[in-house]
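Colleague: For reference, the file input31.csv (CSV, C-alpha atoms) is included below:
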```csv
chain,number,residue,atom,x,y,z
T,1,MET,CA,47.6,5.5,-26.1
T,2,SER,CA,47.5,5.8,-29.8
T,3,GLN,CA,47.9,9.2,-31.5
T,4,ALA,CA,44.3,9.3,-32.5
T,5,VAL,CA,43.1,9.3,-28.9
T,6,ARG,CA,42.8,12.6,-27.2
T,7,VAL,CA,41.5,13.9,-24.0
T,8,ILE,CA,38.0,15.5,-24.2
T,9,THR,CA,35.7,17.2,-21.8
T,10,LEU,CA,32.0,16.4,-21.5
T,11,ASN,CA,29.2,17.0,-19.1
T,12,MET,CA,27.3,14.1,-17.4
T,13,ASP,CA,24.3,14.9,-15.1
T,14,GLY,CA,25.7,18.4,-14.6
T,15,ARG,CA,29.3,17.4,-13.8
T,16,ASP,CA,32.2,18.4,-16.1
T,17,ILE,CA,34.3,15.3,-16.7
T,18,SER,CA,37.5,14.6,-18.6
T,19,ALA,CA,37.7,11.4,-20.6
T,20,ARG,CA,39.7,9.7,-23.3
T,21,GLY,CA,38.1,10.1,-26.7
T,22,ASP,CA,38.0,6.3,-27.3
T,23,GLN,CA,35.9,5.6,-24.2
T,24,THR,CA,32.2,4.9,-24.1
T,25,ILE,CA,29.7,6.8,-22.1
T,26,LEU,CA,29.3,3.8,-19.8
T,27,GLN,CA,33.1,3.4,-19.2
T,28,VAL,CA,33.4,7.1,-18.3
T,29,ALA,CA,30.3,7.0,-16.0
T,30,ARG,CA,31.7,4.0,-14.1
T,31,GLU,CA,35.2,5.5,-13.8
T,32,ASN,CA,33.4,8.5,-12.1
T,33,ASN,CA,31.2,6.4,-9.9
T,34,MET,CA,28.1,7.4,-11.8
T,35,TYR,CA,25.4,4.7,-12.1
T,36,ILE,CA,23.9,3.5,-15.4
T,37,PRO,CA,21.9,0.2,-15.2
T,38,THR,CA,23.1,-2.6,-17.6
T,39,LEU,CA,22.1,-6.2,-18.3
T,40,CYS,CA,23.6,-7.5,-21.5
T,41,HIS,CA,26.9,-5.7,-20.9
T,42,ILE,CA,29.7,-7.4,-18.9
T,43,THR,CA,33.2,-6.0,-18.7
T,44,GLY,CA,35.6,-8.3,-20.6
T,45,LEU,CA,33.2,-9.3,-23.4
T,46,SER,CA,32.3,-7.5,-26.7
T,47,ARG,CA,29.5,-5.0,-26.5
T,48,VAL,CA,26.2,-5.6,-28.3
T,49,GLY,CA,23.9,-2.9,-26.9
T,50,SER,CA,20.9,-5.2,-27.1
T,51,CYS,CA,19.2,-4.8,-23.7
T,52,ARG,CA,18.7,-1.0,-24.0
T,53,LEU,CA,18.8,-0.6,-20.2
T,54,CYS,CA,21.8,1.8,-20.5
T,55,LEU,CA,19.9,4.2,-22.8
T,56,VAL,CA,20.9,7.8,-22.0
T,57,GLU,CA,19.7,11.3,-23.2
T,58,ILE,CA,22.2,13.3,-25.2
T,59,LYS,CA,21.5,17.0,-25.8
T,60,GLY,CA,21.0,17.8,-29.5
T,61,ILE,CA,20.2,14.2,-30.4
T,62,ASN,CA,16.5,13.3,-30.7
T,63,LYS,CA,16.8,9.6,-30.0
T,64,LEU,CA,18.1,7.8,-26.9
T,65,LEU,CA,21.5,6.1,-27.3
T,66,PRO,CA,22.9,3.1,-25.5
T,67,ALA,CA,25.8,4.2,-23.2
T,68,CYS,CA,27.7,0.9,-23.6
T,69,VAL,CA,28.3,1.4,-27.3
T,70,THR,CA,28.3,5.2,-27.7
T,71,ARG,CA,31.7,7.0,-27.7
T,72,VAL,CA,32.1,10.2,-25.7
T,73,GLU,CA,32.6,13.4,-27.7
T,74,GLU,CA,33.9,16.8,-27.0
T,75,GLY,CA,31.3,19.0,-25.4
T,76,MET,CA,28.7,16.2,-25.1
T,77,GLU,CA,25.9,16.8,-22.6
T,78,VAL,CA,24.6,13.5,-21.3
T,79,LYS,CA,21.8,12.8,-18.9
T,80,LEU,CA,22.2,9.4,-17.2
T,81,SER,CA,18.8,9.4,-15.5
T,82,SER,CA,15.6,11.2,-15.8
T,83,GLU,CA,11.9,10.5,-15.3
T,84,ARG,CA,11.6,9.5,-18.9
T,85,LEU,CA,14.7,7.2,-18.8
T,86,ASP,CA,13.5,5.6,-15.5
T,87,LYS,CA,10.1,4.9,-17.1
T,88,TYR,CA,11.7,3.3,-20.2
T,89,ARG,CA,14.1,1.2,-18.1
T,90,ARG,CA,11.3,-0.1,-15.9
T,91,SER,CA,9.3,-0.9,-19.0
T,92,ILE,CA,12.2,-2.9,-20.4
T,93,LEU,CA,12.4,-4.9,-17.2
T,94,GLU,CA,8.7,-5.4,-17.2
T,95,LEU,CA,8.8,-6.7,-20.7
T,96,LEU,CA,11.6,-9.1,-19.8
T,97,PHE,CA,9.6,-10.4,-16.8
T,98,SER,CA,6.4,-10.8,-18.8
T,99,GLU,CA,8.1,-12.5,-21.8
T,100,ARG,CA,9.1,-15.8,-20.1
T,101,ASN,CA,8.4,-17.5,-16.7
T,102,HIS,CA,10.7,-15.9,-14.1
T,103,VAL,CA,9.4,-17.2,-10.8
T,104,CYS,CA,11.9,-15.6,-8.4
T,105,ALA,CA,10.6,-17.4,-5.3
T,106,VAL,CA,11.6,-20.9,-6.6
T,107,CYS,CA,14.7,-19.9,-8.6
T,108,VAL,CA,18.1,-21.3,-7.8
T,109,SER,CA,19.5,-17.7,-8.5
T,110,ASN,CA,17.0,-16.0,-6.1
T,111,GLY,CA,18.9,-13.3,-4.3
T,112,HIS,CA,21.8,-13.4,-6.8
T,113,CYS,CA,20.1,-12.5,-10.0
T,114,GLU,CA,20.8,-9.3,-11.9
T,115,LEU,CA,17.3,-9.1,-13.3
T,116,GLN,CA,15.8,-9.4,-9.9
T,117,ASN,CA,18.2,-6.9,-8.4
T,118,LEU,CA,17.5,-4.4,-11.2
T,119,ALA,CA,13.8,-4.7,-10.6
T,120,GLN,CA,14.3,-3.7,-7.0
T,121,LYS,CA,16.9,-1.0,-7.7
T,122,LEU,CA,14.8,0.7,-10.4
T,123,ASN,CA,11.6,0.5,-8.3
T,124,MET,CA,9.7,-1.8,-10.6
T,125,THR,CA,6.6,-2.4,-8.4
T,126,HIS,CA,4.7,-4.7,-10.8
T,127,VAL,CA,4.5,-5.7,-14.5
T,128,HIS,CA,2.0,-3.5,-16.4
T,129,PHE,CA,1.9,-5.9,-19.4
T,130,ASP,CA,0.0,-9.2,-19.5
T,131,TYR,CA,2.3,-12.1,-18.8
T,132,ARG,CA,2.8,-14.4,-21.8
T,133,TYR,CA,3.4,-17.7,-19.9
T,134,PRO,CA,5.1,-19.5,-22.8
T,135,ARG,CA,5.7,-23.3,-22.5
T,136,LEU,CA,9.5,-23.6,-22.7
T,137,PRO,CA,11.8,-26.6,-22.3
T,138,VAL,CA,14.6,-27.1,-19.7
T,139,ASP,CA,17.7,-28.9,-21.1
T,140,GLY,CA,19.2,-31.0,-18.3
T,141,SER,CA,21.1,-33.3,-20.6
T,142,HIS,CA,24.6,-32.0,-19.6
T,143,GLU,CA,26.4,-33.9,-16.9
T,144,ARG,CA,27.0,-30.8,-14.7
T,145,PHE,CA,24.9,-27.9,-16.0
T,146,VAL,CA,21.3,-27.0,-16.7
T,147,LEU,CA,19.8,-24.6,-19.3
T,148,ASP,CA,16.3,-23.2,-18.3
T,149,HIS,CA,14.8,-21.3,-21.2
T,150,ASN,CA,12.1,-20.0,-18.9
T,151,ARG,CA,14.6,-17.7,-17.2
T,152,CYS,CA,16.7,-16.7,-20.2
T,153,ILE,CA,16.6,-13.0,-21.2
T,154,LEU,CA,18.6,-13.4,-24.4
T,155,CYS,CA,21.5,-11.2,-23.3
T,156,THR,CA,23.9,-13.4,-25.3
T,157,ARG,CA,26.6,-13.2,-22.6
T,158,CYS,CA,26.9,-17.0,-22.8
T,159,VAL,CA,27.3,-16.9,-26.6
T,160,ARG,CA,30.0,-14.2,-26.4
T,161,VAL,CA,32.0,-15.7,-23.5
T,162,CYS,CA,32.0,-19.1,-25.2
T,163,ASP,CA,33.2,-17.6,-28.5
T,164,GLU,CA,35.5,-14.8,-27.4
T,165,ILE,CA,37.1,-16.3,-24.2
T,166,GLU,CA,36.8,-20.0,-24.3
T,167,GLY,CA,37.0,-20.2,-28.1
T,168,ALA,CA,34.6,-23.1,-28.4
T,169,HIS,CA,31.5,-21.3,-29.8
T,170,THR,CA,29.1,-24.0,-28.5
T,171,TRP,CA,26.4,-21.4,-27.9
T,172,ASP,CA,24.5,-19.5,-30.6
T,173,MET,CA,21.1,-18.0,-31.3
T,174,LEU,CA,18.1,-19.6,-33.1
T,175,GLY,CA,15.0,-17.8,-34.4
T,176,ARG,CA,14.0,-14.2,-34.2
T,177,GLY,CA,12.0,-11.9,-32.0
T,178,VAL,CA,9.9,-13.6,-29.4
T,179,ASN,CA,10.8,-17.0,-30.8
T,180,ALA,CA,14.6,-16.4,-30.3
T,181,GLN,CA,16.4,-18.8,-28.1
T,182,VAL,CA,20.0,-19.8,-27.2
T,183,ILE,CA,21.1,-23.2,-28.6
T,184,THR,CA,24.1,-25.5,-28.2
T,185,ASP,CA,25.8,-26.7,-31.3
T,186,LEU,CA,23.3,-27.2,-34.1
T,187,ASN,CA,20.3,-27.0,-31.8
T,188,GLN,CA,21.3,-30.4,-30.2
T,189,PRO,CA,21.0,-31.4,-26.6
T,190,TRP,CA,23.8,-29.8,-24.5
T,191,GLY,CA,24.8,-33.1,-23.2
T,192,ASP,CA,25.5,-34.4,-26.8
T,193,SER,CA,27.6,-31.3,-27.7
T,194,GLU,CA,31.0,-32.2,-29.2
T,195,THR,CA,32.3,-28.6,-28.9
T,196,CYS,CA,31.4,-27.8,-25.2
T,197,THR,CA,34.5,-28.1,-23.1
T,198,GLY,CA,32.5,-28.1,-19.8
T,199,CYS,CA,34.4,-25.0,-18.6
T,200,GLY,CA,31.4,-23.4,-17.0
T,201,LYS,CA,32.1,-19.8,-18.2
T,202,CYS,CA,28.6,-19.5,-19.6
T,203,ILE,CA,27.1,-20.4,-16.2
T,204,ASN,CA,29.1,-17.8,-14.5
T,205,VAL,CA,28.4,-14.9,-16.8
T,206,CYS,CA,24.7,-15.6,-17.1
T,207,PRO,CA,22.8,-12.8,-15.2
T,208,THR,CA,19.8,-14.9,-14.2
T,209,GLY,CA,18.9,-18.5,-13.4
T,210,ALA,CA,18.9,-19.6,-17.0
T,211,LEU,CA,22.3,-21.3,-16.9
T,212,VAL,CA,23.1,-22.9,-13.6
T,213,GLU,CA,25.0,-25.8,-12.0
T,214,LYS,CA,23.1,-29.0,-11.5
T,215,GLY,CA,22.0,-29.9,-8.0
T,216,LYS,CA,21.5,-26.4,-6.7
T,217,SER,CA,18.4,-25.6,-4.8
T,218,VAL,CA,16.5,-22.3,-4.4
T,219,ARG,CA,18.9,-19.4,-3.6
T,220,GLU,CA,22.0,-21.6,-3.8
T,221,MET,CA,23.4,-20.6,-7.2
T,222,THR,CA,26.0,-17.9,-6.9
T,223,LYS,CA,28.0,-16.9,-10.0
T,224,GLN,CA,31.8,-16.4,-9.9
T,225,ARG,CA,33.0,-13.7,-12.3
T,226,GLN,CA,36.6,-13.1,-11.1
T,227,PHE,CA,38.0,-15.1,-14.0
T,228,LEU,CA,36.8,-12.7,-16.7
T,229,PRO,CA,39.1,-9.6,-16.2
T,230,TYR,CA,42.2,-11.8,-15.8
T,231,LEU,CA,41.4,-13.8,-19.0
T,232,THR,CA,40.7,-10.6,-20.9
T,233,LEU,CA,44.1,-9.1,-19.8
T,234,MET,CA,45.9,-12.3,-20.8
T,235,ARG,CA,44.1,-12.3,-24.2
T,236,GLU,CA,45.3,-8.7,-24.7
T,237,ARG,CA,48.9,-9.8,-23.8
T,238,ARG,CA,48.9,-7.3,-21.0
T,239,TRP,CA,49.6,-9.9,-18.3
U,1,MET,CA,-10.2,8.2,16.9
U,2,SER,CA,-12.2,5.4,15.3
U,3,LYS,CA,-10.3,2.3,14.3
U,4,ALA,CA,-9.3,1.7,10.7
U,5,ARG,CA,-11.3,-1.2,9.2
U,6,VAL,CA,-8.8,-3.7,7.8
U,7,ALA,CA,-9.6,-6.9,5.9
U,8,THR,CA,-7.3,-9.7,4.6
U,9,LEU,CA,-8.2,-12.1,1.8
U,10,TRP,CA,-6.6,-15.4,0.8
U,11,LEU,CA,-6.9,-16.3,-2.9
U,12,ASP,CA,-4.5,-18.7,-4.7
U,13,GLY,CA,-1.6,-18.7,-2.4
U,14,CYS,CA,-0.1,-20.8,0.3
U,15,SER,CA,-1.2,-18.6,3.3
U,16,GLY,CA,2.5,-17.8,3.9
U,17,CYS,CA,1.7,-14.1,3.7
U,18,HIS,CA,-0.9,-14.6,6.4
U,19,MET,CA,1.7,-16.5,8.5
U,20,SER,CA,4.1,-13.6,8.0
U,21,LEU,CA,1.3,-11.2,9.1
U,22,LEU,CA,0.9,-13.2,12.3
U,23,ASP,CA,4.7,-13.2,12.7
U,24,MET,CA,4.5,-9.5,13.7
U,25,ASP,CA,4.3,-10.9,17.3
U,26,GLU,CA,3.8,-8.3,20.0
U,27,ARG,CA,3.3,-5.6,17.3
U,28,LEU,CA,-0.1,-7.2,16.7
U,29,LEU,CA,-1.2,-5.9,20.1
U,30,GLU,CA,-0.2,-2.4,19.2
U,31,LEU,CA,-2.0,-2.7,15.8
U,32,ALA,CA,-5.1,-4.1,17.6
U,33,GLY,CA,-5.5,-0.7,19.2
U,34,LYS,CA,-5.6,1.0,15.8
U,35,ILE,CA,-7.4,-1.5,13.6
U,36,ASP,CA,-10.5,-3.7,13.5
U,37,VAL,CA,-10.0,-6.8,11.4
U,38,VAL,CA,-13.4,-6.9,9.8
U,39,PHE,CA,-12.8,-9.8,7.4
U,40,SER,CA,-10.1,-12.4,7.2
U,41,PRO,CA,-9.4,-16.2,7.2
U,42,LEU,CA,-8.3,-15.4,10.8
U,43,VAL,CA,-11.7,-14.2,11.9
U,44,ASP,CA,-15.2,-15.6,11.7
U,45,GLN,CA,-17.0,-13.4,9.2
U,46,LYS,CA,-18.7,-14.9,6.2
U,47,GLU,CA,-19.6,-11.9,4.0
U,48,PHE,CA,-17.0,-9.3,3.0
U,49,PRO,CA,-18.3,-6.0,4.6
U,50,GLU,CA,-18.8,-2.6,3.1
U,51,ASN,CA,-16.6,0.4,3.9
U,52,VAL,CA,-13.3,-1.3,4.4
U,53,ASP,CA,-10.3,1.0,4.7
U,54,VAL,CA,-7.5,-1.3,3.8
U,55,ALA,CA,-7.8,-4.8,2.2
U,56,LEU,CA,-4.6,-6.9,2.2
U,57,VAL,CA,-4.9,-9.6,-0.5
U,58,GLU,CA,-2.7,-12.6,-0.7
U,59,GLY,CA,-2.6,-14.9,-3.7
U,60,ALA,CA,-3.2,-14.9,-7.5
U,61,VAL,CA,-6.6,-14.9,-9.2
U,62,SER,CA,-7.0,-18.5,-10.3
U,63,SER,CA,-10.7,-19.5,-10.2
U,64,ASP,CA,-14.1,-18.0,-10.9
U,65,GLU,CA,-14.6,-17.7,-7.2
U,66,ASP,CA,-11.3,-15.7,-6.8
U,67,LEU,CA,-12.5,-13.4,-9.5
U,68,GLU,CA,-15.9,-12.8,-7.9
U,69,LYS,CA,-14.2,-12.2,-4.5
U,70,ILE,CA,-11.6,-9.7,-5.8
U,71,ARG,CA,-14.2,-7.7,-7.6
U,72,LYS,CA,-16.3,-7.5,-4.5
U,73,VAL,CA,-13.3,-6.6,-2.4
U,74,ARG,CA,-12.3,-3.8,-4.8
U,75,ALA,CA,-15.8,-2.4,-4.8
U,76,ARG,CA,-16.0,-2.3,-1.0
U,77,SER,CA,-12.4,-1.2,-0.1
U,78,ARG,CA,-10.8,2.2,-0.1
U,79,LEU,CA,-7.2,0.8,-0.5
U,80,LEU,CA,-6.4,-2.5,-2.0
U,81,VAL,CA,-2.9,-4.0,-1.3
U,82,SER,CA,-1.4,-6.8,-3.4
U,83,LEU,CA,0.3,-8.7,-0.6
U,84,GLY,CA,3.2,-11.0,-1.7
U,85,ASP,CA,4.5,-12.3,-5.0
U,86,CYS,CA,1.4,-14.4,-5.9
U,87,ALA,CA,-0.8,-11.3,-5.7
U,88,VAL,CA,1.8,-9.1,-7.5
U,89,THR,CA,3.2,-11.6,-10.2
U,90,ALA,CA,1.0,-14.8,-9.9
U,91,ASN,CA,4.3,-16.4,-8.8
U,92,ILE,CA,4.0,-20.1,-8.1
U,93,PRO,CA,0.3,-20.5,-9.0
U,94,SER,CA,1.3,-19.2,-12.5
U,95,MET,CA,3.6,-22.2,-13.0
U,96,ARG,CA,0.5,-24.1,-14.3
U,97,ASN,CA,-0.1,-21.5,-16.9
U,98,PRO,CA,2.0,-23.0,-19.7
U,99,PHE,CA,-0.3,-26.1,-19.5
U,100,THR,CA,-4.1,-26.4,-20.1
U,101,VAL,CA,-6.4,-26.7,-17.2
U,102,LYS,CA,-7.4,-30.2,-18.3
U,103,ASP,CA,-3.7,-31.3,-18.3
U,104,VAL,CA,-3.2,-29.9,-14.9
U,105,LEU,CA,-6.4,-31.5,-13.4
U,106,ASP,CA,-5.6,-34.8,-15.1
U,107,ARG,CA,-2.1,-34.8,-13.6
U,108,ALA,CA,-3.5,-34.2,-10.1
U,109,TYR,CA,-6.7,-36.2,-10.2
U,110,VAL,CA,-6.3,-38.9,-12.9
U,111,GLU,CA,-2.7,-39.8,-13.7
U,112,ASN,CA,-1.4,-40.2,-10.1
U,113,VAL,CA,-4.6,-41.5,-8.5
U,114,SER,CA,-5.7,-45.1,-8.1
U,115,LEU,CA,-9.0,-44.6,-6.1
U,116,ASN,CA,-11.9,-42.9,-7.9
U,117,PRO,CA,-9.8,-41.0,-10.5
U,118,GLY,CA,-11.4,-37.9,-12.0
U,119,ALA,CA,-11.4,-34.2,-11.3
U,120,PRO,CA,-14.1,-32.9,-9.0
U,121,LYS,CA,-16.9,-31.3,-11.0
U,122,THR,CA,-19.3,-30.0,-8.3
U,123,ASP,CA,-18.9,-27.9,-5.1
U,124,VAL,CA,-15.5,-26.5,-6.0
U,125,PRO,CA,-14.7,-23.4,-8.0
U,126,THR,CA,-13.9,-23.7,-11.7
U,127,LEU,CA,-10.3,-22.9,-12.5
U,128,LEU,CA,-9.6,-20.0,-14.9
U,129,ALA,CA,-7.5,-20.8,-18.0
U,130,LYS,CA,-4.6,-19.1,-16.3
U,131,ALA,CA,-3.6,-17.9,-12.7
U,132,ARG,CA,-3.0,-14.2,-13.0
U,133,PRO,CA,-1.9,-11.3,-10.8
U,134,ILE,CA,-4.6,-9.2,-9.2
U,135,HIS,CA,-3.9,-6.0,-11.1
U,136,GLU,CA,-4.8,-7.7,-14.3
U,137,PHE,CA,-8.4,-7.7,-13.1
U,138,VAL,CA,-8.9,-4.8,-10.7
U,139,ASN,CA,-7.0,-1.6,-9.8
U,140,VAL,CA,-4.4,-2.1,-7.1
U,141,ASP,CA,-3.2,0.7,-4.9
U,142,VAL,CA,-0.1,-0.7,-3.2
U,143,TYR,CA,2.2,-3.5,-4.3
U,144,VAL,CA,4.1,-5.5,-1.7
U,145,PRO,CA,6.4,-8.1,-3.3
U,146,GLY,CA,8.1,-10.9,-1.3
U,147,CYS,CA,7.6,-14.6,-0.9
U,148,PRO,CA,6.4,-14.0,1.7
U,149,PRO,CA,7.0,-10.3,2.6
U,150,SER,CA,8.6,-10.2,6.0
U,151,ALA,CA,6.7,-9.3,9.1
U,152,ASP,CA,8.7,-6.1,9.3
U,153,THR,CA,7.6,-5.2,5.7
U,154,ILE,CA,4.0,-5.9,6.4
U,155,TYR,CA,4.2,-3.9,9.7
U,156,SER,CA,5.7,-0.9,7.9
U,157,VAL,CA,3.1,-1.1,5.1
U,158,LEU,CA,0.2,-1.1,7.6
U,159,THR,CA,1.6,1.7,9.8
U,160,ASP,CA,2.4,3.8,6.8
U,161,LEU,CA,-1.1,3.4,5.4
U,162,LEU,CA,-2.7,4.1,8.8
U,163,GLU,CA,-0.7,7.4,9.0
U,164,GLY,CA,-1.8,8.3,5.5
U,165,LYS,CA,1.6,7.8,3.9
U,166,CYS,CA,2.4,5.9,0.7
U,167,PRO,CA,4.8,3.0,1.6
U,168,ASP,CA,8.2,3.0,0.0
U,169,LEU,CA,9.3,-0.6,-0.1
U,170,SER,CA,12.3,-0.5,-2.5
U,171,SER,CA,14.8,-1.1,0.4
U,172,LYS,CA,12.6,-3.5,2.4
U,173,THR,CA,11.5,-6.2,0.0
U,174,ARG,CA,11.7,-7.5,-3.6
U,175,PHE,CA,10.3,-10.3,-5.8
U,176,GLY,CA,11.2,-13.6,-4.3
U,177,ALA,CA,12.5,-12.1,-1.0
```
Please rewrite the model in this file as structure tokens.
Modeller:
Amino acid sequence: MSQAVRVITLNMDGRDISARGDQTILQVARENNMYIPTLCHITGLSRVGSCRLCLVEIKGINKLLPACVTRVEEGMEVKLSSERLDKYRRSILELLFSERNHVCAVCVSNGHCELQNLAQKLNMTHVHFDYRYPRLPVDGSHERFVLDHNRCILCTRCVRVCDEIEGAHTWDMLGRGVNAQVITDLNQPWGDSETCTGCGKCINVCPTGALVEKGKSVREMTKQRQFLPYLTLMRERRW
Amino acid sequence: MSKARVATLWLDGCSGCHMSLLDMDERLLELAGKIDVVFSPLVDQKEFPENVDVALVEGAVSSDEDLEKIRKVRARSRLLVSLGDCAVTANIPSMRNPFTVKDVLDRAYVENVSLNPGAPKTDVPTLLAKARPIHEFVNVDVYVPGCPPSADTIYSVLTDLLEGKCPDLSSKTRFGA
């Protein structure tokens, strides 16, 4: 522990909690078995705070802040869930469902999907927004893997794991807003990629059925995440 | 006590939700003592009746006929239940939505057909531009996701509604279940 890091006390949902000053609200909540929903966050990769599911209320601050990138502070009073937060979190999920074509019933990740699980956990009964039904391609050019843009939520986990852990940086983002999409190399077919090592890390961190192994049928695609904490430790030379 | 008047409707779906309903097995006998099925693909009744207590609707709204039916059902039912993923999300019927109706009909009736190619133009309902979930057209009171929702789920929805309770389904079913 560096000299700058000190132990602080804060209050989360009415509980007084001690934490290190360099921790995020999300880290402290998880250490204390308190639930905050997340989607773009995955332990072992850099934090981008883009999905906004982990927004929390902090006393004295007008706007909601993402727990995954907000440091704890002395005397902070944090609300991890409230009627307002629940409503916003459900709206975020509904927007994700309406943005592309997530048809759970025929998805290879059905039953193992973080988006689907969150919809159930946060009591999302239906989508209040009109679905967009965009026409999006599926890239099946890779020998072993498939990219289905219909099921991508743009969490960028694939981009981060490929860059930060595998060191290949095959994945990146193209376009902005509703036109944004993940690409391989310079927006070339995945199968033609000269940088992809075929390691499969992107497949396993993908929260939905957007990145999957070829040949899987409905419900068959389960993701293996065990490698990530080990590789992160090795990278930090704490092995 | 008079029996509750229950109706079931089959729009753009595979009838799997109705199969799941029948899959309640002996519980159907118990329910038969409490409900009258006044309209359903399972009974011989041509016109959707007035004063329905609970309408269970399977399927997405995909054609002008579906739209006419769901408006009539809403007007004549106290509680409307979106039963299954097609009713709640448009699910598999919505997979045609990124394409035009003409492209979809051509694929089915022209491109892969050798005998009398051409989409039927009379005696069948006209497809809407997109298959959409029921709540985009009429108010829905209860959402029951699942593809299909299990017999246990449907049983608990029906018994809760008959007892005047609002069903809590978060632990029983989900999209794609």
Colleague: Could you please select, counting all atoms listed in the file, the residues of chain T within 6 Å of chain U and state them as a ChimeraX atom specification?
Modeller: /T:103-105,120,123,133-135
Colleague: What lies within 9 Å of Ser77 of chain U using all atoms listed in the file, ignoring chain neighbours under 6 positions off, as a list in words?
Modeller: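 My reading of the contact set: Ala7, Pro49, Glu50, Asn51, Val52, Asp53, Val54 and Ala55 of chain U.
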Colleague: Excluding segment 15-19 of chain T and its own-chain neighbours fewer than 5 positions away, which residues fall within 8 Å of it when counting all atoms listed in the file? Please give them as JSON, numbers by chain.
Modeller: {"T": [7, 8, 9, 10, 28, 72]}
Colleague: Which value, in Å to one decimal, gives the distance between atom CA of Leu93 of chain T and atom CA of Val127 of chain T?
Modeller: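 So the answer is 8.4 Å.
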Colleague: As an exercise, work out the distance from atom CA of His128 of chain T to atom CA of Asp13 of chain T in Å and give it to one decimal place.
Modeller: 28.9 Å
Colleague: Using only C-alpha atoms for the distances, tell me which of T:Ser98, T:Thr43, T:Gln27, T:Thr170 is nearest to Arg225 of chain T.
Modeller: T:Thr43
Colleague: Of the candidates T:Ile92, T:Cys107, T:Val161, T:Val5, which shows the shortest atom-to-atom distance to Ala119 of chain T, using only C-alpha atoms?
Modeller: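 Of T:Ile92, T:Cys107, T:Val161, T:Val5, the one nearest Ala119 of chain T, counting only C-alpha atoms, is T:Ile92.
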Colleague: What is the distance between atom CA of Glu99 of chain T and atom CA of Asn150 of chain T, in Å to one decimal?
Modeller: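 Calculated distance between atom CA of Glu99 of chain T and atom CA of Asn150 of chain T is 9.0 Å.
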Colleague: What lies within 10 Å of Ile25 of chain T using all atoms listed in the file, ignoring chain neighbours under 3 positions off, as a list of chain:residue names?
Modeller: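 With the cut-off at 10 Å, the set is T:Leu10, T:Met12, T:Ala19, T:Asp22, T:Val28, T:Ala29, T:Arg30, T:Ile36, T:Cys54, T:Val56, T:Leu65, T:Pro66, T:Ala67, T:Cys68, T:Val69, T:Thr70, T:Arg71, T:Val72, T:Glu73, T:Met76, T:Val78, T:Leu80.
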Colleague: At a cut-off of 12 Å, using only C-alpha atoms, what residues contact Tyr230 of chain T? Leave out same-chain residues fewer than 4 positions from it and give the result as a ChimeraX atom specification.
Modeller: /T:43-44,165,225-226,234-239
Colleague: Take the residues from that selection and put them in a file with C-alpha atoms, as a compact mmCIF listing (two decimals), in the frame of the given file.
Modeller:
```txt
# COMPACT_ATOMS: atom_id res chain seq x y z
CA THR T 43 33.20 -6.00 -18.70
CA GLY T 44 35.60 -8.30 -20.60
CA ILE T 165 37.10 -16.30 -24.20
CA ARG T 225 33.00 -13.70 -12.30
CA GLN T 226 36.60 -13.10 -11.10
CA MET T 234 45.90 -12.30 -20.80
CA ARG T 235 44.10 -12.30 -24.20
CA GLU T 236 45.30 -8.70 -24.70
CA ARG T 237 48.90 -9.80 -23.80
CA ARG T 238 48.90 -7.30 -21.00
CA TRP T 239 49.60 -9.90 -18.30
```
Colleague: What's around Pro41 of chain U at 12 Å? Count all atoms listed in the file, leave out sequence neighbours fewer than 3 positions away in its own chain, and write the answer as a ChimeraX atom specification.
Modeller: /U:7-11,15,17-19,21-22,37-38,44-48,56-58
Colleague: Kindly extract all protein, DNA and RNA residues lying within 12 Å of the coordinates (17.8, -21.7, -7.5) given in the file, considering all atoms listed in the file, and supply them as a ChimeraX atom specification.
Modeller: /T:102-113,146,148,151,208-223 /U:176
Colleague: Looking at U:Thr126, U:Thr100, U:Ser40, U:Ser62, which one is nearest to Val6 of chain U, with distances taken over all atoms listed in the file?
Modeller: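 For Val6 of chain U, the nearest of the candidates is U:Ser40.
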Colleague: Once you count all atoms listed in the file, which residues end up no further than 7 Å from (29.4, -14.0, -21.8) in the file's frame, shown as a list in words?
Modeller: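 The requested residues, written out, are Leu45, Thr156, Arg157, Cys158, Val159, Arg160, Val161, Cys162, Cys202, Val205 and Cys206 of chain T.
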Colleague: Can you write just those residues out, C-alpha atoms, as a compact mmCIF listing (two decimals), in the frame of the given file?
Modeller:
```txt
# COMPACT_ATOMS: atom_id res chain seq x y z
CA LEU T 45 33.20 -9.30 -23.40
CA THR T 156 23.90 -13.40 -25.30
CA ARG T 157 26.60 -13.20 -22.60
CA CYS T 158 26.90 -17.00 -22.80
CA VAL T 159 27.30 -16.90 -26.60
CA ARG T 160 30.00 -14.20 -26.40
CA VAL T 161 32.00 -15.70 -23.50
CA CYS T 162 32.00 -19.10 -25.20
CA CYS T 202 28.60 -19.50 -19.60
CA VAL T 205 28.40 -14.90 -16.80
CA CYS T 206 24.70 -15.60 -17.10
```
